[in-house]
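Notes to accompany the following structure.
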Amino acid sequence: ATDGRLLWMRFTMGEAMPAPAIYDGILAYTTGGGCFVGLNATTGQMLWMDRFPGLMGNMASVNYYVLPNGTPLFIAGFTYVAPPYGYLIAVNGMNGNEVWNATMPFPYVGANTGLGDVPPAVDQSLGLVIDNDIANFTPSTGMVDTVTFALNATNGKPVWATNLGRGPIPPAFKGGMPLVYGNYVFDSSPSLGIVAKIDASNGKLIWETKIPDVGLPPTLPGGPRGSPTFYHGLLWVAASSNIYVINPNNGQLLSMYYIGGRLGIVNPVISGGTMYLSNSYGWVVAIPLSQIYPLYTQFK
């Protein structure tokens, strides 16, 4: 990291679009060829490899949950070309053995590319894996539900599922990882242009906020598609051509700041009082938070 010198390189079986995860010296990644692989993060030596025929790792980055005995479970989403269209799979990080696999909780059936395109979040304190997907697609109307759900991280059993609402299917659906903060989940529905707060312990919907100036499906891509960012007591959301600032306690929209371009599957990166963003027009942008919302310093 200090000089950019190549330390090791490994060729993958299939494209490796999802971001890997690293825990305790083990780097785990998935591929479009249905592989789940663990490497020594220092040397690049393969420790284990699983193959799941017919499944594809698309854009769902790998995450991990640590069992009470210290064993890590690496968790990733895979796409399947027929119903239920996606699976979450957890493997033992020490040996690669599959621990569990799960789909969306009943009565929801994933649609489109399914769970292979939305990275799972982990609430270590509650022992949950939390994800979202579009579900129950009706071809005659083009409508889907947007569902955020939680699984038991140890065994993959469903804990709760919350339907954020029904709307037109977003084109080429991809989603950001649900934001887990303070035992709450902050998530969104690109079908409806909303941001929502959910109690992570039971799935109770606390508030939903519809954000303005977002072109919705079926004619436009919809949003937000990326995850919210929690900083300085506020939610910062990128969607359409704007940054939205939301009070996380009550869902009140405090500010809307126009940037331009199209903000797709992007979550704001904030450091040193500056927000960094990339957009679908090929720009990287840095903006002072004081320019987006001058009153942000009043929040904690």
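Chain identifiers are assigned as A, B, and so on, following the order in which chains appear in the structure tokens; residues are numbered from 1 within each chain, and ligands are numbered from 1 in order of appearance.
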*Within 8 Å of A:Ser280 using only C-alpha atoms, minus same-chain residues under 4 positions, as number ranges by chain*: A: 261-264
Would you save the residues of that selection, restricted to N, CA and C atoms, as a PDB file, in the first residue's frame?
ATOM      1  N   GLY A 261     -25.182  14.997 -13.330  1.00  0.00           N
ATOM      2  CA  GLY A 261     -24.861  13.628 -13.701  1.00  0.00           C
ATOM      3  C   GLY A 261     -25.911  12.682 -13.163  1.00  0.00           C
ATOM      4  N   ARG A 262     -25.574  11.398 -13.095  1.00  0.00           N
ATOM      5  CA  ARG A 262     -26.505  10.420 -12.522  1.00  0.00           C
ATOM      6  C   ARG A 262     -25.766   9.607 -11.475  1.00  0.00           C
ATOM      7  N   LEU A 263     -26.288   9.631 -10.261  1.00  0.00           N
ATOM      8  CA  LEU A 263     -25.691   8.915  -9.144  1.00  0.00           C
ATOM      9  C   LEU A 263     -26.377   7.558  -9.035  1.00  0.00           C
ATOM     10  N   GLY A 264     -25.676   6.510  -9.410  1.00  0.00           N
ATOM     11  CA  GLY A 264     -26.262   5.178  -9.434  1.00  0.00           C
ATOM     12  C   GLY A 264     -26.029   4.428  -8.142  1.00  0.00           C
TER      13      GLY A 264
END
*Can you pull out every residue within 12 Å of A:Ile134, counting only C-alpha atoms, but drop anything in the same chain fewer than 6 positions away, and send it as a ChimeraX atom specification?*
/A:84-86,104,108-118,142-149,162-175,188-192
*Excluding same-chain residues fewer than 5 positions from A:Met94, what lies within 9 Å of it counting only C-alpha atoms, as number ranges by chain?*
A: 26, 38, 47-48, 71-73
Those residues with C-alpha atoms, as a short mmCIF file (atom, residue, chain, number, x, y, z; two decimals), in the first residue's frame please?
data_model
loop_
_atom_site.label_atom_id
_atom_site.label_comp_id
_atom_site.auth_asym_id
_atom_site.auth_seq_id
_atom_site.Cartn_x
_atom_site.Cartn_y
_atom_site.Cartn_z
CA ILE A 26 -8.10 -14.89 5.16
CA GLY A 38 -10.37 -18.42 0.48
CA LEU A 47 -6.66 -22.22 1.39
CA TRP A 48 -9.94 -23.62 0.09
CA THR A 71 -14.84 -19.02 13.72
CA PRO A 72 -15.62 -16.64 10.84
CA LEU A 73 -18.42 -17.34 8.41
#
*Which of these residues is nearest to A:His232, using only C-alpha atoms: A:Ile211, A:Leu253, A:Leu295, A:Leu27?*
A:Leu295
*Could you name the residues that touch A:Met256 at 7 Å or less, counting only C-alpha atoms, but leaving out those on the same chain fewer than 2 positions away, as a ChimeraX atom specification?*
/A:242-245,258
*Which residue out of A:Val284, A:Ala21, A:Ile265, A:Val159 has the minimum interatomic distance to A:Phe106 when only C-alpha atoms are used?*
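Between A:Val284, A:Ala21, A:Ile265, A:Val159, the residue approaching A:Phe106 most closely is A:Val159.
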*For A:Asn92, list every protein, DNA or RNA residue within 10 Å, evaluated using only C-alpha atoms, and leave out those in the same chain fewer than 2 positions away; present the list as a ChimeraX atom specification.*
/A:38,64-67,71-75,90,94-100
